[in-house]
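Novice: Once you've had a glance at the structure underneath, I'll fire off some questions.
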Amino acid sequence: MAPIVSVSNLVKTYASGFQALKDVSLDIEEGEILALLGPNGAGKTTLISIICGIVNPSGGTVLVGGHDVVKDFRATRSMIGLVPQELTTDQFETVWNTVSFSRGLHGKKANPAHIEKVLKDLSLYDKKDNMLRELSGGMKRRVLIAKALSHEPRVLFLDEPTAGVDVNLRKDMWQVVEKLRETGVTIILTTHYIEEAEEIADRVGVINGGKILLIEEKTALMKKLGRKQLRVDLTEPLSEIPAALSAYKLTLEDGGTA
Amino acid sequence: MNFEAIKAIYFFEMARTRRTLLQSVVSPVISTSLYFIVFGAAVGSRIQEIEGVSYGAFITPGLIMLTLLTQCIGNGSFGIYFPKFTGTIYELLSSPVSMTEIVLGYVGAAATKGMMIGLIILGTASLFVDLSIAHPFVMLLFFVLTAVTFSLFGFIIGIWAKDFEQLNLIPMLVIPPLVFLGGSFYSIDMLPPFWQAVSHFNPVLYLISGFRWSFFEIADVNPVISLTIIIAFLAVLMGLLTWIFRTGYRLRN
């Protein structure tokens with residue numbers, strides 16, 4: 001089956017000369033949850049922004065559902081929902097209006113039943129008439145998810161959904177993602193936290209310095225990353241491993257000092 | 001064409017007007033009433049008729065234009081600048097909406113609001129002076145063209161502005177002098193020849209003159225020239241906007 005998102009040789013150089021992405025290629029399969037793991041400035045948000053159409057690429061191609069994100073932007077953006085990293089909301093709008101607005105922007109006719117379902121699924125329905133400025137940070141994050149789901153997307157991007165939130169809220173968000181998975185939506189999320197990737201992703205991609213360093217099935221990756229190495233520095237060098245420790249696979253290094 | 005998106009943007013913007021009804025509608029009505037009291041009643045009573053039109057009636061088209069230009073630029077610029085400021089612009093840029101549709105939504109709403117307030121000013125003016133419109137269709141043509149053109153101008157300012165100071169620079173510092181020196185309160189025939197010549201470099205003179213002609217059939221410049229100037233300005237703005245869309249200037253990195 002063709003991947004739902006296919007990124008080939010993607011390059012992004014900003015006007016300042018900073019190269020945020022260097023020849024990035026990856027395929028994302030329909031229905032999977034992919035976690036992009038990397039530190040600040042790794043290129044995660046730039047990659048998402050290009051796929052979603054917020055940033056123009058400098059080179060390479062991105063296909064979503066087989067359509068080019070630049071040439072056939074209507075088709076690709078109709079399939080995509082984006083939850084940004086920042087809590088960017090119209091403070092004076094009500095929850096219901098802002099979510100309905102998002103659906104309209106995506107060219108979909110008003111469908112109060114769908115909006116109601118999305119709000120109920122995200123435990124927001126009782127807040128539907130509240131202005132966004134009256135909501136907590138966690139609730140606002142849910143509103144952004146509701147906006148992204150308002151037009152029934154096939155692919156959902158969550159840009160650091162748990163950045164700066166407490167442990168309880170993070171676990172709460174993981175449950176939300178788990179529920180979304182059941183609906184068949186493909187989810188791509190970025191995160192700093194390896195435990196988050198381990199908890200919810202099917203595959204994990206590691207990105208740093210604008211390059212995808214690896215992308216693997218979570219279980220395979222965790223096996224690799226899960227291996228521990230113990231190094232003991234000795235005050236006096238040894239010429240050989242003591243007989244009492246011969247049962248363990250130990251090696252001597254640095255002239256027997258470690 | 002994504003009509004649902006145009007509709008969504010348009011009604012979203014119009015809803016903002018409803019929320020700020022007091023500052024959007026009541027404030028321009030009060031300031032226009034003050035203009036009529038000061039210029040129309042206090043000063044105007046000492047000024048003789050201008051080309052057969054009472055002074056109070058003479059200044060009405062200029063006052064409507066002052067409000068229309070200020071409102072359209074303000075609404076057009078704020079409409080697109082605010083999402084940039086709050087960060088919600090991400091949603092517009094990641095939606096299946098062409099820039100033309102974005103412009104239709106924002107500029108359409110800004111022009112509608114400007115025209116609504118312009119008509120309220122016209123209604124307010126008719127309480128103070130006897131008004132008759134000699135050429136209603138021409139009046140409507142000038143009214144709509146000016147509203148659309150200056151809403152578009154405001155939209156471009158909103159894209160260009162990096163902060164609130166830049167956002168207010170043109171509406172606050174450029175437009176009022178142009179309107180006041182563009183013959184709102186006088187006919188440029190009253191000026192010395194040098195200042196008459198200088199006034200012809202003021203684009204707002206043509207708007208006010210053409211608009212006034214549609215009311216009283218008196219004009220500082222030929223109304224056809226006035227119409228040509230507005231259409232030419234609209235064409236320049238559309239060219240600028242095409243370049244902005246093509247390059248993603250200050251919208252897409």
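Chains: A, B, ... in order of the structure tokens. Residues: from 1 per chain. Ligands: from 1, in order shown.
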Taking only C-alpha atoms into account, find every residue of chain B that has an atom no more than 9 Å from chain A, and write it out as a ChimeraX atom specification.
Specialist: /B:2-9,12,16,19,83,86-98,248,251-253
Novice: Restricted to N, CA, C and O atoms, what would the selected residues look like written as a compact mmCIF listing (two decimals), in the first residue's frame?
Specialist:
# COMPACT_ATOMS: atom_id res chain seq x y z
N ASN B 2 -13.27 27.65 -2.91
CA ASN B 2 -13.69 27.16 -1.60
C ASN B 2 -14.66 28.19 -0.97
O ASN B 2 -14.26 29.01 -0.14
N PHE B 3 -15.94 28.12 -1.39
CA PHE B 3 -16.92 29.11 -0.92
C PHE B 3 -17.18 29.01 0.58
O PHE B 3 -17.44 30.00 1.25
N GLU B 4 -17.12 27.77 1.09
CA GLU B 4 -17.34 27.59 2.53
C GLU B 4 -16.29 28.35 3.34
O GLU B 4 -16.61 28.94 4.38
N ALA B 5 -15.05 28.34 2.84
CA ALA B 5 -13.98 29.05 3.55
C ALA B 5 -14.19 30.56 3.49
O ALA B 5 -14.01 31.25 4.50
N ILE B 6 -14.58 31.06 2.30
CA ILE B 6 -14.83 32.50 2.17
C ILE B 6 -15.93 32.91 3.15
O ILE B 6 -15.81 33.89 3.88
N LYS B 7 -16.97 32.08 3.19
CA LYS B 7 -18.10 32.34 4.09
C LYS B 7 -17.65 32.32 5.55
O LYS B 7 -18.01 33.19 6.35
N ALA B 8 -16.82 31.32 5.88
CA ALA B 8 -16.35 31.18 7.27
C ALA B 8 -15.55 32.41 7.68
O ALA B 8 -15.78 32.97 8.76
N ILE B 9 -14.63 32.85 6.82
CA ILE B 9 -13.79 34.02 7.17
C ILE B 9 -14.68 35.27 7.28
O ILE B 9 -14.58 36.05 8.22
N PHE B 12 -16.90 35.17 10.36
CA PHE B 12 -16.04 35.24 11.56
C PHE B 12 -15.66 36.69 11.81
O PHE B 12 -15.70 37.17 12.95
N ARG B 16 -16.91 39.60 14.81
CA ARG B 16 -16.02 40.45 15.62
C ARG B 16 -16.60 41.88 15.71
O ARG B 16 -16.51 42.53 16.74
N ARG B 19 -19.27 41.98 18.29
CA ARG B 19 -18.73 41.97 19.66
C ARG B 19 -18.22 43.35 20.06
O ARG B 19 -18.17 43.67 21.23
N PRO B 83 -4.59 37.64 13.37
CA PRO B 83 -4.14 36.24 13.38
C PRO B 83 -2.62 36.11 13.34
O PRO B 83 -2.07 35.17 13.91
N THR B 86 -1.57 36.82 17.04
CA THR B 86 -1.91 35.77 18.01
C THR B 86 -1.34 34.41 17.62
O THR B 86 -1.29 33.51 18.44
N GLY B 87 -0.95 34.27 16.36
CA GLY B 87 -0.40 33.00 15.90
C GLY B 87 -1.44 32.12 15.23
O GLY B 87 -1.11 31.05 14.70
N THR B 88 -2.72 32.53 15.26
CA THR B 88 -3.76 31.69 14.65
C THR B 88 -3.69 31.68 13.12
O THR B 88 -4.43 30.95 12.48
N ILE B 89 -2.76 32.46 12.57
CA ILE B 89 -2.57 32.48 11.11
C ILE B 89 -2.20 31.07 10.60
O ILE B 89 -2.44 30.75 9.45
N TYR B 90 -1.62 30.23 11.51
CA TYR B 90 -1.23 28.88 11.09
C TYR B 90 -2.40 28.14 10.45
O TYR B 90 -2.25 27.35 9.53
N GLU B 91 -3.61 28.45 10.99
CA GLU B 91 -4.79 27.74 10.53
C GLU B 91 -5.16 28.14 9.10
O GLU B 91 -5.54 27.30 8.29
N LEU B 92 -5.04 29.43 8.82
CA LEU B 92 -5.32 29.90 7.45
C LEU B 92 -4.34 29.30 6.47
O LEU B 92 -4.72 28.86 5.38
N LEU B 93 -3.06 29.31 6.88
CA LEU B 93 -2.01 28.86 5.97
C LEU B 93 -2.03 27.35 5.74
O LEU B 93 -1.53 26.87 4.73
N SER B 94 -2.59 26.61 6.70
CA SER B 94 -2.61 25.15 6.53
C SER B 94 -3.98 24.64 6.06
O SER B 94 -4.22 23.44 6.05
N SER B 95 -4.85 25.56 5.68
CA SER B 95 -6.18 25.16 5.19
C SER B 95 -6.18 25.13 3.66
O SER B 95 -5.37 25.81 3.03
N PRO B 96 -7.10 24.39 3.09
CA PRO B 96 -7.16 24.33 1.61
C PRO B 96 -7.81 25.60 1.03
O PRO B 96 -8.84 25.53 0.36
N VAL B 97 -7.21 26.71 1.32
CA VAL B 97 -7.75 28.00 0.92
C VAL B 97 -6.70 28.72 0.08
O VAL B 97 -5.55 28.81 0.50
N SER B 98 -7.10 29.24 -1.07
CA SER B 98 -6.16 30.01 -1.88
C SER B 98 -6.09 31.41 -1.30
O SER B 98 -6.98 31.84 -0.55
N GLY B 248 5.00 34.77 -0.91
CA GLY B 248 4.70 34.42 0.49
C GLY B 248 5.20 35.48 1.45
O GLY B 248 5.36 35.21 2.65
N LEU B 251 4.27 36.05 5.15
CA LEU B 251 3.23 35.09 5.53
C LEU B 251 3.84 33.70 5.66
O LEU B 251 3.76 33.07 6.69
N ARG B 252 4.46 33.25 4.55
CA ARG B 252 5.11 31.93 4.58
C ARG B 252 6.61 32.14 4.54
O ARG B 252 7.10 32.86 3.68
N ASN B 253 7.34 31.51 5.45
CA ASN B 253 8.81 31.69 5.47
C ASN B 253 9.44 31.09 4.23
O ASN B 253 9.11 30.03 3.82
Novice: If DSSP is run on the backbone, what residues of segment 86-194 of chain B are alpha helix (DSSP H)? A reply as a ChimeraX atom specification would be ideal.
Specialist: /B:86,89-93,99-128,136-160,164-168,175-180,193-194
Novice: Counting only C-alpha atoms, which residue out of B:Ile59, B:Val26, B:Leu227, B:Ile73 sits closest to Asn168 of chain B?
Specialist: B:Ile73
Novice: Going by DSSP on the backbone, which bits of segment 131-202 of chain A are strand (DSSP E)? Write them as a list in words, please.
Specialist: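 Written out, the strand (DSSP E) residues of segment 131-202 of chain A are Val155, Leu156, Phe157, Leu158, Asp159, Thr186, Ile187, Ile188, Leu189, Thr190 and Thr191 of chain A.
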Novice: Residues at most 7 Å from segment 129-138 of chain B, counting only C-alpha atoms, excluding those fewer than 3 positions away in the same chain, as a list in words?
Specialist: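 These residues fall inside the cut-off: Gly56, Ala57, Ala125, Ser126, Leu141, Phe142, Ser214, Phe215, Phe216 and Glu217 of chain B.
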Novice: Create the file for the chosen residues now, containing C-alpha atoms and written as a PDB file, in the first residue's frame.
Specialist:
ATOM      1  CA  GLY B  56     -23.003  71.659   5.969  1.00  0.00           C
ATOM      2  CA  ALA B  57     -24.110  69.670   2.914  1.00  0.00           C
ATOM      3  CA  ALA B 125     -25.639  63.726   8.233  1.00  0.00           C
ATOM      4  CA  SER B 126     -29.187  63.856   6.882  1.00  0.00           C
ATOM      5  CA  LEU B 141     -20.055  53.101  -7.602  1.00  0.00           C
ATOM      6  CA  PHE B 142     -17.625  55.512  -5.888  1.00  0.00           C
ATOM      7  CA  SER B 214     -22.424  62.316  -7.416  1.00  0.00           C
ATOM      8  CA  PHE B 215     -24.271  64.313  -4.714  1.00  0.00           C
ATOM      9  CA  PHE B 216     -24.259  67.918  -6.003  1.00  0.00           C
ATOM     10  CA  GLU B 217     -22.753  67.824  -9.530  1.00  0.00           C
TER      11      GLU B 217
END
Novice: Name the residues in contact with segment 26-36 of chain A at a cut-off of 7 Å, using only C-alpha atoms, excluding same-chain residues fewer than 5 positions from it; report them as a list of chain:residue names.
Specialist: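 Final neighbour list, sorted by chain and number: A:Pro3, A:Ile4, A:Val5, A:Ser6, A:Val7, A:Ser8, A:Lys44, A:Gly184, A:Val185, A:Thr186, A:Ile187, A:Ile188, A:Leu189, A:Thr190, A:Thr191, A:Ala197, A:Ala201, A:Asp202, A:Arg203, A:Val204, A:Gly205, A:Val206, A:Ile207.
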Novice: Kindly save the residues from that selection, with N, CA, C and O atoms included, as a compact mmCIF listing (two decimals), in the first residue's frame.
Specialist:
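The resulting file, result_19.txt, is shown below:
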# COMPACT_ATOMS: atom_id res chain seq x y z
N PRO A 3 2.34 4.83 0.81
CA PRO A 3 2.31 5.57 2.09
C PRO A 3 1.36 6.75 2.01
O PRO A 3 1.18 7.33 0.94
N ILE A 4 0.77 7.12 3.14
CA ILE A 4 -0.15 8.28 3.17
C ILE A 4 0.65 9.58 3.06
O ILE A 4 0.19 10.55 2.46
N VAL A 5 1.85 9.58 3.65
CA VAL A 5 2.75 10.75 3.53
C VAL A 5 4.10 10.26 3.04
O VAL A 5 4.65 9.29 3.59
N SER A 6 4.60 10.90 2.00
CA SER A 6 5.90 10.51 1.47
C SER A 6 6.77 11.76 1.28
O SER A 6 6.43 12.65 0.51
N VAL A 7 7.85 11.80 2.01
CA VAL A 7 8.76 12.96 1.96
C VAL A 7 10.04 12.51 1.25
O VAL A 7 10.64 11.51 1.63
N SER A 8 10.44 13.25 0.21
CA SER A 8 11.63 12.86 -0.54
C SER A 8 12.60 14.02 -0.68
O SER A 8 12.25 15.07 -1.21
N LYS A 44 12.01 19.40 13.59
CA LYS A 44 10.71 18.72 13.67
C LYS A 44 9.58 19.62 13.19
O LYS A 44 8.77 19.25 12.35
N GLY A 184 -8.78 5.37 13.29
CA GLY A 184 -8.07 5.09 12.05
C GLY A 184 -7.28 6.26 11.50
O GLY A 184 -6.71 6.18 10.41
N VAL A 185 -7.22 7.35 12.26
CA VAL A 185 -6.47 8.53 11.80
C VAL A 185 -4.97 8.25 11.93
O VAL A 185 -4.52 7.68 12.92
N THR A 186 -4.22 8.63 10.89
CA THR A 186 -2.76 8.52 10.96
C THR A 186 -2.27 9.69 11.82
O THR A 186 -2.68 10.83 11.60
N ILE A 187 -1.40 9.39 12.77
CA ILE A 187 -0.95 10.45 13.68
C ILE A 187 0.57 10.58 13.64
O ILE A 187 1.29 9.59 13.73
N ILE A 188 0.99 11.82 13.45
CA ILE A 188 2.43 12.11 13.51
C ILE A 188 2.61 13.10 14.63
O ILE A 188 2.01 14.19 14.61
N LEU A 189 3.39 12.74 15.64
CA LEU A 189 3.60 13.68 16.73
C LEU A 189 5.08 13.91 16.95
O LEU A 189 5.90 13.03 16.70
N THR A 190 5.39 15.11 17.37
CA THR A 190 6.78 15.40 17.70
C THR A 190 6.90 15.48 19.21
O THR A 190 5.95 15.85 19.89
N THR A 191 8.05 15.11 19.70
CA THR A 191 8.23 15.12 21.15
C THR A 191 9.71 15.18 21.52
O THR A 191 10.58 14.82 20.71
N ALA A 197 7.23 8.69 23.26
CA ALA A 197 7.32 7.92 22.01
C ALA A 197 7.08 6.44 22.31
O ALA A 197 6.35 5.75 21.59
N ALA A 201 3.68 5.48 20.35
CA ALA A 201 3.99 5.39 18.90
C ALA A 201 4.11 3.94 18.42
O ALA A 201 4.42 3.04 19.21
N ASP A 202 3.86 3.75 17.12
CA ASP A 202 4.15 2.46 16.48
C ASP A 202 5.59 2.47 15.98
O ASP A 202 6.30 1.48 16.06
N ARG A 203 5.96 3.64 15.41
CA ARG A 203 7.34 3.80 14.92
C ARG A 203 7.91 5.09 15.48
O ARG A 203 7.17 6.03 15.78
N VAL A 204 9.21 5.11 15.58
CA VAL A 204 9.88 6.30 16.11
C VAL A 204 10.95 6.76 15.12
O VAL A 204 11.74 5.94 14.64
N GLY A 205 10.92 8.04 14.80
CA GLY A 205 11.98 8.62 13.97
C GLY A 205 12.79 9.56 14.83
O GLY A 205 12.22 10.32 15.62
N VAL A 206 14.10 9.48 14.70
CA VAL A 206 14.95 10.39 15.48
C VAL A 206 15.51 11.43 14.51
O VAL A 206 16.09 11.07 13.48
N ILE A 207 15.28 12.68 14.84
CA ILE A 207 15.71 13.77 13.96
C ILE A 207 16.62 14.70 14.76
O ILE A 207 16.35 15.01 15.91
